[in-house]
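As provided, target.txt (compact mmCIF, C-alpha atoms) reads as follows.
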# COMPACT_ATOMS: atom_id res chain seq x y z
CA MET A 1 139.72 190.69 43.97
CA GLN A 2 136.35 192.29 43.46
CA ARG A 3 134.06 191.05 40.69
CA ASN A 4 134.16 194.35 38.77
CA GLU A 5 137.97 194.37 38.90
CA PHE A 6 138.08 190.82 37.53
CA HIS A 7 135.76 191.69 34.65
CA GLN A 8 137.78 194.82 33.82
CA LEU A 9 141.05 192.85 33.80
CA VAL A 10 139.57 190.23 31.45
CA ASP A 11 137.98 192.87 29.21
CA ASP A 12 141.31 194.71 28.95
CA TYR A 13 143.19 191.49 28.18
CA GLN A 14 140.76 190.39 25.49
CA GLU A 15 140.72 193.85 23.93
CA PHE A 16 144.53 193.80 23.81
CA ILE A 17 144.43 190.42 22.01
CA GLU A 18 141.83 191.71 19.54
CA ASP A 19 143.94 194.79 18.72
CA ALA A 20 147.08 192.65 18.36
CA ILE A 21 145.32 190.25 15.96
CA ASP A 22 144.19 193.21 13.85
CA GLU A 23 147.87 194.23 13.55
CA LEU A 24 149.17 190.77 12.55
CA GLU A 25 149.91 189.92 8.96
CA GLU A 26 148.54 186.41 9.46
CA ASP A 27 144.97 185.72 8.41
CA LEU A 28 143.43 185.36 11.86
CA ASP A 29 139.94 186.50 12.73
CA PHE A 30 138.03 186.69 15.99
CA ASP A 31 134.62 187.07 17.57
CA ASN A 32 133.92 188.20 21.10
CA GLU A 33 130.62 186.88 22.36
CA SER A 34 129.55 187.56 25.94
CA GLY A 35 133.11 187.67 27.24
CA THR A 36 134.34 184.69 25.23
CA LEU A 37 137.01 185.54 22.67
CA ILE A 38 137.09 183.04 19.82
CA ILE A 39 140.15 183.24 17.58
CA HIS A 40 139.57 181.70 14.16
CA ASN A 41 142.68 180.33 12.47
CA PRO A 42 143.03 179.93 8.68
CA ASN A 43 143.10 176.12 9.06
CA LYS A 44 139.59 176.23 10.61
CA THR A 45 140.80 175.57 14.19
CA GLN A 46 139.94 177.86 17.07
CA VAL A 47 141.53 179.14 20.25
CA ILE A 48 138.96 180.15 22.85
CA ILE A 49 139.77 182.57 25.66
CA SER A 50 136.95 182.80 28.17
CA ARG A 51 136.28 184.27 31.56
CA GLN A 52 135.20 182.06 34.42
CA SER A 53 133.50 184.45 36.80
CA ALA A 54 132.81 181.91 39.54
CA SER A 55 136.51 181.06 39.93
CA TYR A 56 137.95 184.44 38.84
CA GLN A 57 139.99 182.70 36.15
CA ILE A 58 140.69 182.97 32.45
CA TRP A 59 140.40 179.67 30.61
CA ILE A 60 141.93 178.76 27.26
CA ALA A 61 140.65 175.95 25.09
CA ALA A 62 143.00 174.87 22.28
CA LYS A 63 143.90 171.74 20.35
CA SER A 64 146.64 171.02 22.88
CA GLY A 65 144.25 171.15 25.84
CA GLY A 66 142.50 173.33 28.35
CA PHE A 67 144.34 175.76 30.60
CA HIS A 68 143.17 177.74 33.66
CA PHE A 69 144.82 181.00 34.72
CA ASP A 70 144.77 182.86 38.03
CA TYR A 71 145.68 186.52 38.38
CA ASP A 72 148.79 187.42 40.38
CA SER A 73 148.19 190.98 41.55
CA ASP A 74 151.84 191.44 42.61
CA LYS A 75 153.15 190.60 39.12
CA GLN A 76 150.02 191.92 37.37
CA LYS A 77 149.95 188.83 35.14
CA TRP A 78 147.87 185.68 34.72
CA PHE A 79 149.50 182.29 35.43
CA ASP A 80 148.40 178.71 34.74
CA ASP A 81 147.16 177.11 37.95
CA LYS A 82 149.02 173.85 37.22
CA SER A 83 152.17 174.60 35.23
CA GLY A 84 152.77 178.23 36.22
CA GLU A 85 153.01 179.26 32.55
CA CYS A 86 152.20 182.91 31.93
CA LEU A 87 148.97 183.52 29.97
CA ASP A 88 150.85 185.67 27.43
CA ASP A 89 153.24 182.80 26.69
CA CYS A 90 150.40 180.29 26.47
CA VAL A 91 148.44 182.43 24.00
CA ASN A 92 151.48 182.68 21.73
CA ARG A 93 152.30 178.98 22.12
CA VAL A 94 148.83 177.71 21.21
CA LEU A 95 148.50 180.15 18.31
CA GLN A 96 151.86 179.00 16.95
CA GLU A 97 150.96 175.33 17.43
CA GLN A 98 147.62 175.68 15.69
CA ASN A 99 148.96 177.80 12.85
CA GLU A 100 152.10 175.74 12.28
CA GLY A 101 154.24 178.84 12.16
CA GLU A 102 155.24 182.14 13.57
CA VAL A 103 152.19 183.82 15.00
CA LYS A 104 153.46 186.08 17.73
CA ILE A 105 151.68 188.70 19.74
CA ASN A 106 153.97 191.23 21.39
CA PHE A 107 152.79 191.58 24.96
Using structure tokens, write down the structure from this file.
Amino acid sequence: MQRNEFHQLVDDYQEFIEDAIDELEEDLDFDNESGTLIIHNPNKTQVIISRQSASYQIWIAAKSGGFHFDYDSDKQKWFDDKSGECLDDCVNRVLQEQNEGEVKINF
């Protein structure tokens, strides 16, 4: 993967998350600072989705831990480098865990 392709994939993914949060009824907010998407939950916790340019990964930091995702160009999805969990599923899981309820983004 070329560097510009990686950055475009991450930009597109973060933009999708931002648009989805805007559509949710839940009171979530976000900031995107230098390629790091910070999702602010009503209970004052955060989920952080950041790009790691050196390793061509997306990292998530949440209360339940840190997760690192590699891009699978055949499936056109991001997958956790340890568990194999899809990034889409992880985003929904950590948002639900931190919001103690049904926060669901439709990917």
Exercise. Rank A:Asp89, A:Asp11, A:Glu100, A:Asp29 by their smallest atom-to-atom distance to Ser50 of chain A, using only C-alpha atoms, and report the top residue only.
Key: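 Closest residue, counting only C-alpha atoms: A:Asp11.
Interatomic distance, atom CA of Asp27 of chain A against atom CA of Val94 of chain A: 15.6 Å.
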Nearest to Asn92 of chain A, chosen from A:Phe6, A:Ile60, A:Asp74, A:Pro42, with all atoms listed in the file counted in the distances: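 Once distances to Asn92 of chain A are computed over all atoms listed in the file, the minimum belongs to A:Ile60.
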| For Glu5 of chain A, which residue among A:Asn43, A:Cys86, A:Asp22, A:Ser73 is the nearest when counting only C-alpha atoms? |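 Closest candidate: A:Ser73.
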Check your understanding: Skipping near chain neighbours, those fewer than 2 positions away, what residues fall within 10 Å of Ser55 of chain A using only C-alpha atoms, listed as a list in words?
Key ->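 With the cut-off at 10 Å, the set is Arg51, Gln52, Ser53, Gln57, Ile58, His68, Phe69 and Asp70 of chain A.
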Exercise. Write out as a list in words each polymer residue whose atoms come within 12 Å of Val103 of chain A, counting all atoms listed in the file; drop sequence neighbours fewer than 6 positions from it.
Key: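 These residues fall inside the cut-off: Ala20, Ile21, Glu23, Leu24, Glu25, Glu26, Asp27, Leu28, Asn41, Pro42, Asp89, Val91, Asn92, Arg93, Val94, Leu95, Gln96 and Glu97 of chain A.
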Correct to one decimal, the distance atom CA of Ile17 of chain A-atom CA of Asn32 of chain A is 10.8 Å
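Picture a line from atom CA of Ile39 of chain A to atom CA of Trp78 of chain A; it runs 19.0 Å.
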Box for segment 81-90 of chain A: with edges along x, y and z, all listed atoms inside and 4 Å added on each side, what are the centre and edge lengths in Å to one decimal, as AutoDock Vina command-line options?
--center_x 150.2 --center_y 179.8 --center_z 32.2 --size_x 14.1 --size_y 19.8 --size_z 19.5
Using only C-alpha atoms, the shortest atom-to-atom distance to Cys90 of chain A among A:Val47, A:His7, A:Thr36, A:Asp19 belongs to A:Val47
Counting all atoms listed in the file, closest pick from A:Ala61, A:Met1, A:Asp88, A:Gln46 relative to Gln14 of chain A is A:Asp88
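Using only C-alpha atoms, the smallest distance between any of A:Asn99, A:Asn4, A:Gln76, A:Ser83 and Lys44 of chain A comes from A:Asn99.
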When you write chain A out from the block above, keep C-alpha atoms and present the result as a compact mmCIF listing (two decimals), in the first residue's frame, please.
# COMPACT_ATOMS: atom_id res chain seq x y z
CA MET A 1 0.00 0.00 0.00
CA GLN A 2 1.25 3.46 -0.84
CA ARG A 3 1.29 6.16 1.84
CA ASN A 4 -1.26 8.35 0.03
CA GLU A 5 -3.63 5.38 -0.34
CA PHE A 6 -3.34 4.64 3.39
CA HIS A 7 -4.11 8.24 4.33
CA GLN A 8 -7.10 8.34 1.97
CA LEU A 9 -8.50 5.10 3.41
CA VAL A 10 -8.19 6.42 6.97
CA ASP A 11 -9.64 9.82 6.03
CA ASP A 12 -12.62 8.13 4.36
CA TYR A 13 -13.18 5.85 7.35
CA GLN A 14 -13.03 8.67 9.88
CA GLU A 15 -15.32 10.84 7.76
CA PHE A 16 -17.83 7.98 7.59
CA ILE A 17 -17.76 7.68 11.41
CA GLU A 18 -18.23 11.45 11.80
CA ASP A 19 -21.25 11.46 9.46
CA ALA A 20 -22.73 8.42 11.24
CA ILE A 21 -22.35 10.08 14.66
CA ASP A 22 -24.12 13.17 13.34
CA GLU A 23 -27.06 10.92 12.37
CA LEU A 24 -27.31 9.11 15.72
CA GLU A 25 -29.91 10.07 18.28
CA GLU A 26 -27.42 9.51 21.09
CA ASP A 27 -25.59 12.51 22.49
CA LEU A 28 -22.14 11.75 21.09
CA ASP A 29 -19.72 14.41 19.93
CA PHE A 30 -16.36 14.25 18.20
CA ASP A 31 -13.24 16.18 17.30
CA ASN A 32 -10.82 15.32 14.54
CA GLU A 33 -7.37 16.67 15.24
CA SER A 34 -4.51 15.89 12.87
CA GLY A 35 -5.96 12.55 11.83
CA THR A 36 -7.02 11.50 15.32
CA LEU A 37 -10.77 11.12 15.74
CA ILE A 38 -11.84 11.57 19.35
CA ILE A 39 -15.40 10.47 20.13
CA HIS A 40 -16.78 12.08 23.28
CA ASN A 41 -19.42 10.06 25.10
CA PRO A 42 -22.07 11.60 27.40
CA ASN A 43 -20.47 9.89 30.43
CA LYS A 44 -17.21 11.80 29.78
CA THR A 45 -15.33 8.77 28.37
CA GLN A 46 -13.66 8.81 24.98
CA VAL A 47 -13.00 6.45 22.11
CA ILE A 48 -9.96 7.46 20.08
CA ILE A 49 -9.46 6.31 16.49
CA SER A 50 -6.03 7.25 15.19
CA ARG A 51 -3.85 6.57 12.21
CA GLN A 52 -0.42 5.06 12.67
CA SER A 53 1.41 6.05 9.51
CA ALA A 54 4.63 4.17 10.28
CA SER A 55 2.83 0.82 10.53
CA TYR A 56 -0.06 1.59 8.12
CA GLN A 57 -2.56 0.76 10.86
CA ILE A 58 -5.61 2.25 12.52
CA TRP A 59 -5.47 2.14 16.31
CA ILE A 60 -8.38 2.36 18.72
CA ALA A 61 -8.01 3.38 22.34
CA ALA A 62 -11.02 2.63 24.56
CA LYS A 63 -11.77 1.73 28.16
CA SER A 64 -11.56 -1.96 27.24
CA GLY A 65 -8.08 -1.61 25.75
CA GLY A 66 -6.05 -0.73 22.72
CA PHE A 67 -6.59 -2.36 19.34
CA HIS A 68 -4.49 -2.29 16.14
CA PHE A 69 -6.01 -2.84 12.70
CA ASP A 70 -4.42 -3.80 9.39
CA TYR A 71 -6.10 -3.26 6.03
CA ASP A 72 -7.06 -6.32 3.99
CA SER A 73 -7.18 -5.10 0.40
CA ASP A 74 -8.98 -8.24 -0.81
CA LYS A 75 -11.86 -7.76 1.64
CA GLN A 76 -11.51 -3.96 1.67
CA LYS A 77 -11.86 -3.94 5.46
CA TRP A 78 -9.67 -3.36 8.50
CA PHE A 79 -9.01 -6.28 10.89
CA ASP A 80 -7.47 -6.47 14.37
CA ASP A 81 -3.92 -7.80 14.13
CA LYS A 82 -4.43 -10.11 17.15
CA SER A 83 -8.07 -11.18 17.32
CA GLY A 84 -9.10 -10.75 13.68
CA GLU A 85 -12.11 -8.64 14.72
CA CYS A 86 -13.33 -6.29 12.01
CA LEU A 87 -12.80 -2.57 12.75
CA ASP A 88 -16.50 -1.86 12.12
CA ASP A 89 -17.50 -4.40 14.77
CA CYS A 90 -14.91 -3.10 17.22
CA VAL A 91 -16.10 0.50 16.85
CA ASN A 92 -19.67 -0.54 17.60
CA ARG A 93 -18.59 -2.80 20.48
CA VAL A 94 -16.52 -0.17 22.28
CA LEU A 95 -19.14 2.53 21.76
CA GLN A 96 -21.81 0.23 23.21
CA GLU A 97 -19.58 -0.75 26.13
CA GLN A 98 -18.74 2.83 26.99
CA ASN A 99 -22.29 4.10 26.59
CA GLU A 100 -23.95 1.20 28.40
CA GLY A 101 -26.51 0.83 25.68
CA GLU A 102 -27.40 0.61 22.06
CA VAL A 103 -25.08 2.85 20.11
CA LYS A 104 -24.88 1.34 16.67
CA ILE A 105 -23.33 2.67 13.53
CA ASN A 106 -24.60 1.04 10.35
CA PHE A 107 -21.56 0.23 8.27
